[in-house]
>>> print(open('model-v7.tsv').read())   # TSV, C-alpha atoms
chain	number	residue	atom	x	y	z
I	1	LYS	CA	55.02	-28.86	33.54
I	2	LEU	CA	54.08	-26.85	36.59
I	3	THR	CA	53.43	-28.90	39.70
I	4	PHE	CA	53.02	-27.98	43.35
I	5	ASN	CA	54.24	-30.57	45.85
I	6	GLN	CA	52.80	-31.08	49.31
I	7	ASP	CA	55.63	-29.17	51.02
I	8	THR	CA	54.80	-26.13	48.89
I	9	ILE	CA	51.11	-26.46	49.66
I	10	ASN	CA	51.76	-26.73	53.40
I	11	ARG	CA	54.08	-23.71	53.35
I	12	ILE	CA	51.51	-21.57	51.54
I	13	LYS	CA	48.85	-22.54	54.09
I	14	THR	CA	50.97	-21.12	56.91
I	15	LYS	CA	51.75	-17.88	55.05
I	16	LYS	CA	49.78	-14.69	55.53
I	17	THR	CA	48.07	-14.20	52.18
I	18	GLU	CA	45.77	-11.67	50.54
I	19	ASN	CA	42.75	-11.81	48.27
I	20	ILE	CA	43.42	-11.72	44.53
I	21	TYR	CA	41.33	-9.91	41.92
I	22	TYR	CA	42.07	-10.80	38.30
I	23	VAL	CA	39.99	-8.68	35.93
I	24	ILE	CA	39.88	-9.46	32.21
I	25	LEU	CA	39.03	-6.35	30.19
I	26	ASP	CA	37.90	-7.89	26.92
I	27	GLU	CA	39.60	-6.26	23.90
I	28	MET	CA	41.15	-3.47	26.02
I	29	THR	CA	43.94	-1.98	23.95
I	30	SER	CA	46.85	-0.15	25.56
I	31	ILE	CA	46.60	3.55	26.34
I	32	LYS	CA	49.36	4.24	23.81
I	33	GLU	CA	47.53	2.36	21.05
I	34	PHE	CA	44.23	4.03	21.98
I	35	ASN	CA	45.98	7.37	21.49
I	36	ASN	CA	47.26	6.18	18.09
I	37	ILE	CA	43.84	5.01	16.93
I	38	PHE	CA	41.96	8.15	17.88
I	39	GLY	CA	44.65	10.82	17.54
I	40	VAL	CA	44.56	11.82	21.21
I	41	ASN	CA	47.28	12.16	23.82
I	42	PHE	CA	46.12	10.69	27.12
I	43	ASP	CA	48.63	9.84	29.83
I	44	LYS	CA	47.91	7.06	32.31
I	45	LYS	CA	47.55	9.74	35.01
I	46	ASP	CA	44.77	11.36	32.98
I	47	LEU	CA	42.72	8.18	33.04
I	48	ILE	CA	43.53	6.24	36.22
I	49	ARG	CA	42.88	8.09	39.47
I	50	GLN	CA	45.05	5.92	41.75
I	51	VAL	CA	47.74	5.13	39.21
I	52	GLU	CA	50.53	6.01	41.67
I	53	LYS	CA	49.55	2.93	43.70
I	54	TYR	CA	49.64	0.69	40.63
I	55	ASN	CA	52.07	-0.33	37.90
I	56	TYR	CA	50.77	0.25	34.38
I	57	PHE	CA	52.20	-1.30	31.20
I	58	ASP	CA	51.50	-0.84	27.50
I	59	ASP	CA	51.80	-4.57	26.94
I	60	TYR	CA	51.23	-7.38	24.42
I	61	SER	CA	48.72	-10.19	24.87
I	62	SER	CA	49.82	-13.80	24.71
I	63	PHE	CA	47.16	-14.73	22.13
I	64	ASN	CA	44.69	-13.07	19.79
I	65	LEU	CA	41.64	-14.96	21.10
I	66	THR	CA	39.89	-14.82	24.47
I	67	THR	CA	39.41	-18.60	24.40
I	68	LEU	CA	43.18	-19.09	24.29
I	69	THR	CA	44.33	-16.20	26.48
I	70	VAL	CA	42.05	-16.82	29.47
I	71	ALA	CA	42.55	-20.59	29.21
I	72	SER	CA	46.31	-20.02	29.38
I	73	ILE	CA	45.95	-17.74	32.42
I	74	LEU	CA	43.97	-20.46	34.17
I	75	ASN	CA	46.46	-23.11	33.04
I	76	LEU	CA	49.46	-20.96	34.14
I	77	ASP	CA	51.04	-21.77	30.79
I	78	ARG	CA	50.26	-21.82	27.07
I	79	VAL	CA	47.41	-24.17	26.22
I	80	ALA	CA	48.53	-24.20	22.58
I	81	GLU	CA	51.96	-24.05	21.02
I	82	VAL	CA	53.05	-23.07	17.54
I	83	GLY	CA	51.69	-25.59	15.03
I	84	ASP	CA	48.81	-26.82	17.21
I	85	ASP	CA	45.35	-26.93	15.66
I	86	ILE	CA	42.97	-25.70	18.35
I	87	SER	CA	39.88	-26.71	16.37
I	88	LYS	CA	40.57	-30.34	17.22
I	89	TYR	CA	38.73	-31.73	20.23
I	90	ASN	CA	41.79	-32.47	22.36
I	91	HIS	CA	42.52	-28.72	22.42
I	92	ASN	CA	38.93	-27.52	22.20
I	93	LYS	CA	37.99	-28.95	25.60
I	94	ILE	CA	40.75	-27.06	27.41
I	95	LEU	CA	39.80	-23.65	25.98
I	96	PHE	CA	37.95	-21.00	27.97
I	97	PRO	CA	35.15	-21.03	29.05
I	98	LYS	CA	34.61	-24.77	28.59
I	99	ASN	CA	37.68	-25.53	30.68
I	100	LEU	CA	35.71	-24.24	33.70
I	101	SER	CA	32.68	-26.43	32.95
I	102	LYS	CA	31.47	-28.74	35.69
I	103	ILE	CA	32.35	-31.88	33.74
I	104	ASN	CA	36.04	-30.95	33.86
I	105	PHE	CA	35.91	-30.70	37.64
I	106	SER	CA	34.07	-34.00	37.98
I	107	THR	CA	36.84	-35.75	36.01
I	108	SER	CA	39.70	-33.90	37.76
I	109	HIS	CA	40.57	-31.95	34.61
I	110	GLU	CA	40.09	-28.49	36.06
I	111	PRO	CA	42.80	-25.92	35.18
I	112	LYS	CA	46.05	-25.87	37.19
I	113	LEU	CA	45.23	-22.57	38.87
I	114	LEU	CA	41.99	-24.00	40.22
I	115	LYS	CA	43.74	-27.10	41.53
I	116	LEU	CA	46.27	-24.97	43.39
I	117	LEU	CA	43.61	-22.69	44.87
I	118	ASN	CA	41.61	-25.70	46.02
I	119	HIS	CA	44.64	-27.18	47.79
I	120	ILE	CA	45.32	-23.96	49.71
I	121	ASN	CA	41.65	-23.33	50.56
I	122	TYR	CA	41.07	-20.28	48.37
I	123	ASP	CA	37.55	-19.72	47.09
I	124	PHE	CA	37.55	-19.19	43.32
I	125	ILE	CA	34.75	-16.82	42.33
I	126	TRP	CA	33.87	-16.34	38.65
I	127	ILE	CA	31.91	-13.30	37.51
I	128	GLY	CA	31.35	-13.38	33.78
I	129	ASN	CA	29.45	-11.78	30.95
I	130	ASN	CA	26.55	-13.08	28.94
I	131	LEU	CA	28.73	-15.09	26.58
I	132	ALA	CA	31.13	-16.63	29.11
I	133	ASN	CA	28.93	-16.86	32.17
I	134	CYS	CA	29.36	-19.18	35.14
I	135	LYS	CA	25.59	-19.74	35.09
I	136	ASN	CA	25.96	-21.58	31.77
I	137	PHE	CA	29.02	-23.63	32.62
I	138	ASN	CA	29.45	-24.12	36.36
I	139	LYS	CA	27.09	-22.52	38.86
I	140	ASP	CA	29.29	-23.67	41.75
I	141	LEU	CA	31.85	-21.04	40.69
I	142	CYS	CA	29.39	-18.16	40.54
I	143	SER	CA	29.59	-15.28	43.00
I	144	ASN	CA	25.99	-16.02	43.92
I	145	GLN	CA	25.76	-19.80	44.07
I	146	ASN	CA	22.08	-19.72	45.10
I	147	LEU	CA	20.92	-18.71	41.67
I	148	SER	CA	17.22	-18.71	40.93
I	149	LYS	CA	16.06	-21.96	39.36
I	150	LYS	CA	13.36	-20.12	37.48
I	151	LYS	CA	14.27	-19.79	33.81
I	152	ASN	CA	12.64	-18.25	30.81
I	153	LEU	CA	11.42	-20.87	28.37
I	154	GLU	CA	13.93	-21.11	25.54
I	155	ILE	CA	13.70	-23.66	22.76
I	156	VAL	CA	17.36	-22.98	21.92
I	157	ASN	CA	19.87	-21.19	24.13
I	158	LEU	CA	21.75	-19.37	21.37
I	159	LYS	CA	24.24	-17.73	23.71
I	160	LEU	CA	25.33	-21.08	25.09
I	161	ILE	CA	25.56	-22.57	21.60
I	162	ASN	CA	27.74	-19.70	20.45
I	163	SER	CA	30.13	-20.10	23.37
I	164	PHE	CA	30.73	-23.70	22.30
I	165	LEU	CA	31.22	-22.68	18.67
I	166	VAL	CA	33.77	-19.93	19.34
I	167	PRO	CA	36.84	-22.07	18.52
I	168	THR	CA	35.26	-23.50	15.33
I	169	PRO	CA	34.51	-22.14	11.83
I	170	TYR	CA	30.76	-22.35	12.57
I	171	GLU	CA	31.09	-19.35	14.89
I	172	ILE	CA	31.57	-17.15	11.83
I	173	THR	CA	28.23	-18.26	10.40
I	174	LEU	CA	26.51	-17.60	13.70
I	175	ARG	CA	28.18	-14.20	13.94
I	176	LYS	CA	26.75	-13.23	10.53
I	177	LEU	CA	23.25	-13.78	11.91
I	178	ASN	CA	23.89	-11.20	14.61
I	179	GLY	CA	21.43	-8.36	14.15
I	180	PHE	CA	18.74	-10.54	12.58
I	181	PHE	CA	17.60	-12.32	15.72
I	182	LYS	CA	16.86	-10.99	19.20
I	183	ILE	CA	15.95	-12.84	22.38
I	184	LYS	CA	14.49	-9.78	24.01
I	185	LYS	CA	14.55	-6.02	23.54
I	186	ASN	CA	18.02	-4.52	23.18
I	187	GLU	CA	19.71	-7.92	23.52
I	188	TYR	CA	21.31	-9.71	20.57
I	189	PHE	CA	22.09	-13.36	21.14
I	190	LEU	CA	25.85	-12.88	20.75
I	191	GLY	CA	26.13	-11.43	24.22
I	192	ASN	CA	24.58	-8.00	23.67
I	193	ASP	CA	23.41	-7.70	27.25
I	194	PHE	CA	23.67	-4.33	28.93
I	195	ILE	CA	23.76	-5.66	32.50
I	196	GLU	CA	25.64	-8.97	32.22
I	197	ASN	CA	28.49	-7.70	30.04
I	198	ASP	CA	29.27	-4.92	32.54
I	199	ALA	CA	30.84	-7.46	34.89
I	200	ILE	CA	32.72	-4.98	37.10
I	201	ASN	CA	29.52	-3.10	37.81
I	202	LYS	CA	27.74	-6.40	38.45
I	203	PHE	CA	30.41	-7.29	41.02
I	204	LEU	CA	30.21	-3.88	42.73
I	205	LYS	CA	26.41	-3.95	42.90
I	206	GLN	CA	26.38	-7.40	44.48
I	207	ASP	CA	27.99	-5.90	47.58
I	208	PHE	CA	29.98	-9.08	48.06
I	209	LYS	CA	30.73	-9.68	51.74
I	210	LEU	CA	34.37	-10.65	52.25
I	211	GLU	CA	34.66	-13.12	55.10
I	212	LYS	CA	37.82	-12.46	57.12
I	213	LYS	CA	38.43	-16.16	57.71
I	214	LYS	CA	38.35	-16.89	53.97
I	215	LYS	CA	40.61	-16.04	51.07
I	216	TYR	CA	39.33	-15.34	47.58
I	217	PHE	CA	40.50	-15.38	44.00
I	218	PHE	CA	38.06	-13.38	41.86
I	219	LEU	CA	38.04	-13.85	38.10
I	220	ILE	CA	35.99	-10.97	36.67
I	221	HIS	CA	35.50	-11.14	32.90
I	222	HIS	CA	34.36	-7.67	31.86
I	223	MET	CA	32.99	-7.72	28.29
I	224	MET	CA	34.28	-4.25	27.46
I	225	PRO	CA	35.43	-2.35	25.51
I	226	HIS	CA	34.61	-5.31	23.24
I	227	ASN	CA	31.47	-5.04	21.13
I	228	PRO	CA	28.49	-4.83	21.34
I	229	TYR	CA	28.84	-1.04	21.50
I	230	ILE	CA	25.87	-0.30	23.72
I	231	TYR	CA	27.48	1.96	26.32
I	232	ASN	CA	27.96	5.70	26.51
I	233	THR	CA	31.12	7.09	28.11
I	234	ASP	CA	29.26	7.33	31.42
I	235	CYS	CA	28.12	3.69	31.04
I	236	THR	CA	24.47	4.54	30.35
I	237	TYR	CA	22.76	2.65	27.53
I	238	ASP	CA	23.43	3.63	23.91
I	239	GLY	CA	21.46	1.89	21.20
I	240	SER	CA	22.57	4.08	18.30
I	241	ALA	CA	25.57	2.10	17.00
I	242	LYS	CA	25.27	0.62	13.52
I	243	ASN	CA	27.29	-2.10	11.84
I	244	ASN	CA	29.84	-0.06	9.91
I	245	LEU	CA	33.48	0.85	10.49
I	246	LYS	CA	32.81	4.47	11.48
I	247	ASP	CA	30.27	3.49	14.13
I	248	GLN	CA	32.48	0.65	15.35
I	249	LEU	CA	35.30	3.10	16.05
I	250	LYS	CA	32.88	5.52	17.71
I	251	GLY	CA	31.35	2.71	19.76
I	252	TYR	CA	34.72	1.29	20.79
I	253	LYS	CA	35.85	4.72	21.99
I	254	LYS	CA	32.73	5.13	24.16
I	255	ASN	CA	33.04	1.58	25.50
I	256	TYR	CA	36.70	2.30	26.31
I	257	PHE	CA	35.87	5.38	28.38
I	258	CYS	CA	33.05	3.49	30.11
I	259	THR	CA	35.60	0.80	30.99
I	260	ILE	CA	37.96	3.45	32.40
I	261	LYS	CA	35.06	4.68	34.56
I	262	ARG	CA	34.46	1.14	35.84
I	263	ILE	CA	38.17	0.62	36.49
I	264	ASN	CA	38.28	3.71	38.71
I	265	GLU	CA	35.15	2.61	40.57
I	266	PHE	CA	36.72	-0.80	41.07
I	267	LEU	CA	39.98	0.69	42.37
I	268	ASP	CA	37.95	2.82	44.81
I	269	PHE	CA	36.29	-0.39	46.05
I	270	ILE	CA	39.68	-2.05	46.56
I	271	GLN	CA	41.07	0.97	48.42
I	272	LYS	CA	38.08	1.07	50.76
I	273	ASN	CA	37.37	-2.63	51.30
I	274	ASP	CA	40.49	-4.65	50.54
I	275	PRO	CA	43.60	-2.40	50.39
I	276	GLY	CA	46.04	-5.26	50.83
I	277	ALA	CA	44.70	-7.21	47.86
I	278	ILE	CA	46.70	-8.18	44.79
I	279	VAL	CA	45.02	-6.79	41.68
I	280	VAL	CA	45.42	-7.21	37.93
I	281	LEU	CA	43.28	-5.49	35.30
I	282	GLN	CA	44.34	-6.41	31.77
I	283	GLY	CA	43.19	-6.90	28.21
I	284	ASP	CA	43.03	-10.40	26.78
I	285	HIS	CA	43.80	-9.03	23.30
I	286	GLY	CA	43.80	-5.68	21.56
I	287	PHE	CA	41.19	-3.93	19.41
I	288	LYS	CA	39.94	-6.08	16.52
I	289	ASN	CA	37.23	-4.43	14.48
I	290	ASP	CA	34.90	-6.67	12.47
I	291	TYR	CA	36.24	-5.39	9.15
I	292	ASN	CA	39.72	-6.83	9.53
I	293	PHE	CA	40.20	-10.43	10.70
I	294	THR	CA	43.82	-10.60	9.51
I	295	TYR	CA	46.01	-11.25	12.51
I	296	GLU	CA	49.37	-12.18	10.98
I	297	ASN	CA	52.05	-9.52	11.55
I	298	ASP	CA	49.38	-7.10	12.80
I	299	LEU	CA	50.77	-6.27	16.23
I	300	GLU	CA	48.15	-3.61	16.93
I	301	LYS	CA	45.66	-6.37	17.69
I	302	PHE	CA	47.91	-7.68	20.46
I	303	LYS	CA	48.55	-4.39	22.28
I	304	ILE	CA	46.84	-4.43	25.66
I	305	PHE	CA	46.18	-2.43	28.81
I	306	ASN	CA	47.90	-4.06	31.80
I	307	LEU	CA	47.59	-2.69	35.36
I	308	PHE	CA	49.11	-4.30	38.48
I	309	LYS	CA	48.86	-3.79	42.21
I	310	THR	CA	51.29	-5.98	44.14
I	311	PRO	CA	53.47	-5.60	47.25
I	312	ASP	CA	56.61	-3.50	46.76
I	313	GLU	CA	58.90	-6.51	47.02
I	314	CYS	CA	57.27	-7.98	43.91
I	315	LYS	CA	58.17	-5.09	41.63
I	316	LYS	CA	61.43	-6.89	40.80
I	317	TYR	CA	59.47	-9.13	38.44
I	318	TYR	CA	58.43	-6.36	36.08
I	319	LYS	CA	60.78	-3.49	36.77
I	320	ASN	CA	62.72	-3.99	33.52
I	321	ASN	CA	60.24	-6.16	31.64
I	322	ARG	CA	57.81	-4.29	29.41
I	323	ARG	CA	56.51	-7.38	27.60
I	324	LEU	CA	54.94	-9.44	30.32
I	325	GLY	CA	51.86	-10.77	28.58
I	326	ASN	CA	48.99	-12.60	30.24
I	327	ILE	CA	50.79	-15.79	31.27
I	328	ASN	CA	53.65	-14.00	33.00
I	329	SER	CA	51.09	-11.78	34.73
I	330	ILE	CA	49.39	-14.70	36.48
I	331	ARG	CA	52.77	-16.22	37.36
I	332	ILE	CA	53.86	-12.93	38.95
I	333	VAL	CA	50.59	-12.83	40.92
I	334	LEU	CA	51.20	-16.31	42.34
I	335	ASN	CA	54.85	-15.56	43.07
I	336	CYS	CA	53.82	-12.44	44.96
I	337	ALA	CA	50.86	-13.97	46.76
I	338	PHE	CA	52.40	-17.29	47.78
I	339	ASP	CA	56.17	-16.70	47.64
I	340	LEU	CA	56.61	-19.09	44.73
I	341	ASP	CA	59.38	-19.05	42.15
I	342	LEU	CA	57.56	-19.57	38.86
I	343	LYS	CA	59.85	-18.62	36.01
I	344	LEU	CA	58.72	-15.99	33.53
I	345	ILE	CA	58.37	-17.25	29.97
I	346	ASN	CA	59.41	-15.57	26.73
I	347	ASN	CA	56.28	-13.60	25.86
I	348	TYR	CA	55.75	-13.87	22.13
I	349	PRO	CA	52.21	-13.28	20.87
I	350	VAL	CA	50.70	-16.05	18.78
I	351	PHE	CA	47.56	-16.05	16.66
I	352	SER	CA	45.05	-18.57	15.39
I	353	ASN	CA	43.80	-17.74	11.90
I	354	LYS	CA	40.05	-18.30	11.84
I	355	LEU	CA	39.14	-17.62	8.23
I	356	ASN	CA	41.07	-19.91	5.92
I	357	LYS	CA	41.51	-23.61	5.23
I	358	ASN	CA	44.15	-23.80	7.95
I	359	PHE	CA	41.67	-22.70	10.60
I	360	GLY	CA	42.90	-23.15	14.12
I	361	VAL	CA	46.63	-23.54	13.45
I	362	VAL	CA	48.63	-21.49	15.93
I	363	LYS	CA	51.43	-19.31	14.55
I	364	LYS	CA	54.04	-17.07	16.14
I	365	ILE	CA	54.20	-13.28	15.82
I	366	ASN	CA	57.62	-11.63	15.75
I	367	LEU	CA	57.77	-8.56	18.01
I	368	ASN	CA	61.03	-7.29	16.50
>>> encode(input="model-v7.tsv", output="structure tokens")
Amino acid sequence: KLTFNQDTINRIKTKKTENIYYVILDEMTSIKEFNNIFGVNFDKKDLIRQVEKYNYFDDYSSFNLTTLTVASILNLDRVAEVGDDISKYNHNKILFPKNLSKINFSTSHEPKLLKLLNHINYDFIWIGNNLANCKNFNKDLCSNQNLSKKKNLEIVNLKLINSFLVPTPYEITLRKLNGFFKIKKNEYFLGNDFIENDAINKFLKQDFKLEKKKKYFFLIHHMMPHNPYIYNTDCTYDGSAKNNLKDQLKGYKKNYFCTIKRINEFLDFIQKNDPGAIVVLQGDHGFKNDYNFTYENDLEKFKIFNLFKTPDECKKYYKNNRRLGNINSIRIVLNCAFDLDLKLINNYPVFSNKLNKNFGVVKKINLN
């Protein structure tokens, strides 16, 4: 188990440190796999303007589900091992986004990353999408903590309900209702929100003022290129997508290019406002269209986009390692930021099958 003793905490406090930006690009497949899917031949230099300042990897995710991957990033280790059943309550409560809920903080069960950041006086700022939004789980973590108390009258908050059902079989039933109910125009209750899901743009438009005396860890959960496919390549609204495989592929491609646009805008922000920052932009899992929920031995669904910006002395961690995964990524970030020595784990993707009688049981994928 990872622990940080008081000597380590005191040493970090005296070290010159930088802000950290950890951006989750939901369902962002690797550039290589994107080329395979669509029969194109993009190089990283074709897509990322400042790629020479970053380290890009065609990588594999640690899990097939956002709830598991992001929870493991925040936990600095796997939250589920092979054979675990994540549908049981003892695992359910430590999955993202519920692991960031206020009740976990009040009972000292917040994730390990948050405990460390609190000890070293880093502000943890969470900018989420409509489905996994700090406003629903813990307003104290939101980038704008003075949120309006005025709310629209809702008999049932379907988005919040769905976020609690994600690691259970009932989520499938709720998903099937998608398209039949709407809360307001152009917004399906499963997170189809043009503004909220574009989390990078939401962050940039907030014009967040970085206080020089403070240090920040930003967790930005960008709900793209994941469905709903409501974005054009220039990130304007597109309401034409229909629920069939052809339109899903078309919509994913447009969402992907919109995400590339946002990545470049974000990198421009970093270059102008926080050039010394440590930055990660990575997928939490690969492309999973709604017509194929089979995860076993299907490595394409684990291939992710992974982009780093760290000090030169930290490149030793990934110089010869092309299979970092999400958990090793956060460990490298902390090693670089705070001069720690967290060991890198063996990155093997695991999946949780959601559609059979063994729902929730975690199994290992063989990369060889």
>>> residues_around(input="model-v7.tsv", residues="range 101-112 of chain I", least_positions_apart="2", cutoff="7 Å", atoms="all atoms listed in the file", output="mmCIF file with C-alpha atoms, in the coordinates of the input")
data_model
loop_
_atom_site.group_PDB
_atom_site.id
_atom_site.type_symbol
_atom_site.label_atom_id
_atom_site.label_comp_id
_atom_site.auth_asym_id
_atom_site.auth_seq_id
_atom_site.Cartn_x
_atom_site.Cartn_y
_atom_site.Cartn_z
ATOM 1 C CA LEU I 74 43.970 -20.460 34.170
ATOM 2 C CA ASN I 75 46.460 -23.110 33.040
ATOM 3 C CA LEU I 76 49.460 -20.960 34.140
ATOM 4 C CA LYS I 98 34.610 -24.770 28.590
ATOM 5 C CA ASN I 99 37.680 -25.530 30.680
ATOM 6 C CA LEU I 114 41.990 -24.000 40.220
ATOM 7 C CA LYS I 115 43.740 -27.100 41.530
ATOM 8 C CA LEU I 116 46.270 -24.970 43.390
ATOM 9 C CA PHE I 137 29.020 -23.630 32.620
ATOM 10 C CA ASN I 138 29.450 -24.120 36.360
#
>>> closest_residue(input="model-v7.tsv", among="I:Met28, I:Ala277, I:Ile127, I:Val51", to="Asn64 in chain I", atoms="all atoms listed in the file")
I:Met28
>>> residues_around(input="model-v7.tsv", residues="Ile330 in chain I", least_positions_apart="3", cutoff="10 Å", atoms="only C-alpha atoms", output="ChimeraX atom specification")
/I:22,72-77,113,280,324-327,333-336,342,344
>>> residues_around(input="model-v7.tsv", residues="Leu117 in chain I", least_positions_apart="5", cutoff="9 Å", atoms="all atoms listed in the file", output="list in words")
Lys112, Tyr122, Asp123, Phe124, Tyr216 and Phe217 of chain I
>>> closest_atom_pairs(input="model-v7.tsv", of="range 45-146 of chain I", to="range 224-232 of chain I", cutoff="12 Å", atoms="only C-alpha atoms", output="Markdown table")
| residue | atom | partner | partner_atom | distance |
| --- | --- | --- | --- | --- |
| I:Thr66 | CA | I:His226 | CA | 10.9 |
| I:Gly128 | CA | I:Met224 | CA | 11.5 |
| I:Asn129 | CA | I:Met224 | CA | 9.6 |
| I:Asn130 | CA | I:Pro228 | CA | 11.4 |
| I:Leu131 | CA | I:Pro228 | CA | 11.5 |
>>> write_last_selection(input="model-v7.tsv", atoms="C-alpha atoms", output="PDB file, in the frame of the given file")
ATOM      1  CA  THR I  66      39.890 -14.820  24.470  1.00  0.00           C
ATOM      2  CA  GLY I 128      31.350 -13.380  33.780  1.00  0.00           C
ATOM      3  CA  ASN I 129      29.450 -11.780  30.950  1.00  0.00           C
ATOM      4  CA  ASN I 130      26.550 -13.080  28.940  1.00  0.00           C
ATOM      5  CA  LEU I 131      28.730 -15.090  26.580  1.00  0.00           C
TER       6      LEU I 131
END
>>> atom_distance(input="model-v7.tsv", atom1="CA of Phe302 in chain I", atom2="CA of Gly286 in chain I")
4.7 Å
>>> closest_residue(input="model-v7.tsv", among="I:Leu204, I:Leu25, I:Val361, I:Ile332", to="Ile345 in chain I", atoms="all atoms listed in the file")
I:Ile332
>>> atom_distance(input="model-v7.tsv", atom1="CA of Asp58 in chain I", atom2="CA of Asp43 in chain I")
11.3 Å
>>> atom_distance(input="model-v7.tsv", atom1="CA of Ile270 in chain I", atom2="CA of Asn10 in chain I")
28.3 Å
>>> closest_residue(input="model-v7.tsv", among="I:Val40, I:Leu65, I:Asp26, I:Ile48", to="Ala199 in chain I", atoms="all atoms listed in the file")
I:Asp26
>>> residues_around(input="model-v7.tsv", residues="Val279 in chain I", least_positions_apart="2", cutoff="9 Å", atoms="all atoms listed in the file", output="VMD selection string")
chain I and resid 19 to 23 54 270 277 281 307 to 310 333
>>> residues_around(input="model-v7.tsv", residues="Gln6 in chain I", least_positions_apart="5", cutoff="12 Å", atoms="all atoms listed in the file", output="ChimeraX atom specification")
/I:11-13,116,119-120
>>> residues_near_point(input="model-v7.tsv", point="(40.5, 7.2, 36.5)", cutoff="10 Å", atoms="only C-alpha atoms", output="short mmCIF file (atom, residue, chain, number, x, y, z; two decimals) with C-alpha atoms, in the frame of the given file")
data_model
loop_
_atom_site.label_atom_id
_atom_site.label_comp_id
_atom_site.auth_asym_id
_atom_site.auth_seq_id
_atom_site.Cartn_x
_atom_site.Cartn_y
_atom_site.Cartn_z
CA LYS I 44 47.91 7.06 32.31
CA LYS I 45 47.55 9.74 35.01
CA ASP I 46 44.77 11.36 32.98
CA LEU I 47 42.72 8.18 33.04
CA ILE I 48 43.53 6.24 36.22
CA ARG I 49 42.88 8.09 39.47
CA GLN I 50 45.05 5.92 41.75
CA VAL I 51 47.74 5.13 39.21
CA PHE I 257 35.87 5.38 28.38
CA THR I 259 35.60 0.80 30.99
CA ILE I 260 37.96 3.45 32.40
CA LYS I 261 35.06 4.68 34.56
CA ARG I 262 34.46 1.14 35.84
CA ILE I 263 38.17 0.62 36.49
CA ASN I 264 38.28 3.71 38.71
CA GLU I 265 35.15 2.61 40.57
CA PHE I 266 36.72 -0.80 41.07
CA LEU I 267 39.98 0.69 42.37
CA ASP I 268 37.95 2.82 44.81
#
>>> closest_residue(input="model-v7.tsv", among="I:Tyr317, I:Glu300, I:Lys213, I:Phe203", to="Cys142 in chain I", atoms="all atoms listed in the file")
I:Phe203
>>> closest_residue(input="model-v7.tsv", among="I:Ala337, I:Cys134, I:Val82, I:Ile37", to="Val350 in chain I", atoms="all atoms listed in the file")
I:Val82
>>> closest_residue(input="model-v7.tsv", among="I:Leu100, I:Tyr56, I:Asn306, I:Gly83", to="Ala71 in chain I", atoms="all atoms listed in the file")
I:Leu100
